[in-house]
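Following: one structure in structure tokens, then a few remarks.
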Amino acid sequence: MAISTSATLPTPLNADVVAFCPESGLHHVLACGCYELDNTQQPARRHGRLALAFVDRAGRQLVETSAVEGIGVLDCSWLQTSRLLLSAATAACDTRIYQVHKGADGTATLAEEACATMPCADAGDACMALDWSADASRVAVTSTAGRVYLGELGQSSGGCSGLCGSASWRAHELE
């Protein structure tokens, strides 16, 4: 089977993760986490962005609808709760959750501010990866320092009401 590119989205920084939305009617929406290492600062910092885009009806073009600029994003994952949420593992050594607003035209936009943040103490340079439990109530996050963090999502009728760390431990010494 031949693989070919049908659409591209130029990003101003290195794209590290892409995740398509699992929500019914929004399978054409994707999140893209980017970062770039800035060695001019000491210690070096990862600047970045988390963007939402959609594949147009013809399937030939990706169109960006919104982005949160600033912190490098190394991983992201969608949550389907009472509201559509997007989580990000960041270079600020935390996990952030953003509310996603669905448009009547089939697009989606990202809230500019996180509705919940879980700091990850002693994470090293960044949180690298995250994954949610099947019921979307707990998250596991890994860091460059080889630590694993567990967090629990609080729920309210308005979406997320908090992300609280419940445990952490040293998992490996690979970095």
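In the structure tokens, each chain is lettered A, B, ... as it comes, each chain's residues begin at 1, and ligands are numbered from 1 in order of appearance.
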
Residues near region 33-36 of chain A, anyone? I mean within 12 Å using only C-alpha atoms, not counting same-chain ones fewer than 5 positions away, as a PyMOL selection string.
chain A and resi 10-20+44-53+67-77+86-92+126+128-129

key: Residues within 8 Å of Arg170 (chain A), only C-alpha atoms, excluding chain neighbours under 3 positions, as a list of chain:residue names   = A:Gly146, A:Arg147, A:Val148

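Atom pair CA of Ser66 (chain A) / CA of Thr95 (chain A): separated by 19.5 Å.
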
Note to self: Considering only strand (DSSP E or B) as DSSP defines it on the backbone, what residues of chain A qualify? List them as a ChimeraX atom specification.
What the structure shows: /A:14-20,29-38,45-55,62-71,73-80,84-90,94-102,108-110,116-119,127-132,138-143,147-156,159-170

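In this comparison, which uses only C-alpha atoms, the residue of A:Leu9, A:Val141, A:Leu84, A:Ala171 approaching Phe54 (chain A) most closely is A:Leu9.
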
* Distance query Ser168 (chain A) at most 12 Å, only C-alpha atoms, self and fewer than 3 positions along chain excluded, as an MDAnalysis selection string -> chainID A and resid 119:123 139:143 145:151 164:165 171

Just to be explicit: take each residue in the selection above, keep C-alpha atoms, and write the result as a PDB file, in the first residue's frame.
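The file below, result.pdb, is the result:
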```
ATOM      1  CA  PRO A 119       2.569  20.787  38.858  1.00  0.00           C
ATOM      2  CA  CYS A 120       5.028  17.880  38.774  1.00  0.00           C
ATOM      3  CA  ALA A 121       7.754  18.495  41.374  1.00  0.00           C
ATOM      4  CA  ASP A 122      11.273  17.261  40.586  1.00  0.00           C
ATOM      5  CA  ALA A 123      10.295  16.586  36.953  1.00  0.00           C
ATOM      6  CA  VAL A 139      -3.813  10.624  34.425  1.00  0.00           C
ATOM      7  CA  ALA A 140      -0.292   9.175  34.419  1.00  0.00           C
ATOM      8  CA  VAL A 141       2.507  11.586  33.460  1.00  0.00           C
ATOM      9  CA  THR A 142       6.223  10.897  32.902  1.00  0.00           C
ATOM     10  CA  SER A 143       9.103  13.345  33.120  1.00  0.00           C
ATOM     11  CA  ALA A 145      13.881  13.061  35.387  1.00  0.00           C
ATOM     12  CA  GLY A 146      12.467   9.519  35.198  1.00  0.00           C
ATOM     13  CA  ARG A 147       9.552  10.181  37.543  1.00  0.00           C
ATOM     14  CA  VAL A 148       5.929   9.099  37.114  1.00  0.00           C
ATOM     15  CA  TYR A 149       3.081  11.222  38.471  1.00  0.00           C
ATOM     16  CA  LEU A 150      -0.528  10.224  39.014  1.00  0.00           C
ATOM     17  CA  GLY A 151      -3.275  12.821  39.055  1.00  0.00           C
ATOM     18  CA  CYS A 164      -4.727  17.059  41.836  1.00  0.00           C
ATOM     19  CA  GLY A 165      -1.552  15.047  42.110  1.00  0.00           C
ATOM     20  CA  ALA A 171      10.433   4.983  37.647  1.00  0.00           C
TER      21      ALA A 171
END
```

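Between CA of Asp135 (chain A) and CA of Ala104 (chain A) the interatomic distance comes to 27.3 Å.
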
| task | Might you pull out every residue within 9 Å of Ile97 (chain A), with only C-alpha atoms counted and same-chain residues fewer than 3 positions away left off, and present them as a list in words? | result |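 Within the cut-off, the hits are Leu85, Leu86, Ser87, Ala88, Glu113, Ala114, Cys115, Ala116, Thr117, Met118, Cys160, Gly162 and Leu163 of chain A.
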
Separating CA of Leu62 (chain A) from CA of Ala2 (chain A), to the nearest tenth of an Å, is a gap of 21.2 Å

Selection: 7 Å around Ala111 (chain A), only C-alpha atoms, excl. self and same-chain fewer than 6 positions, as a list in words: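 That gives Tyr98, Gln99 and Val100 of chain A.
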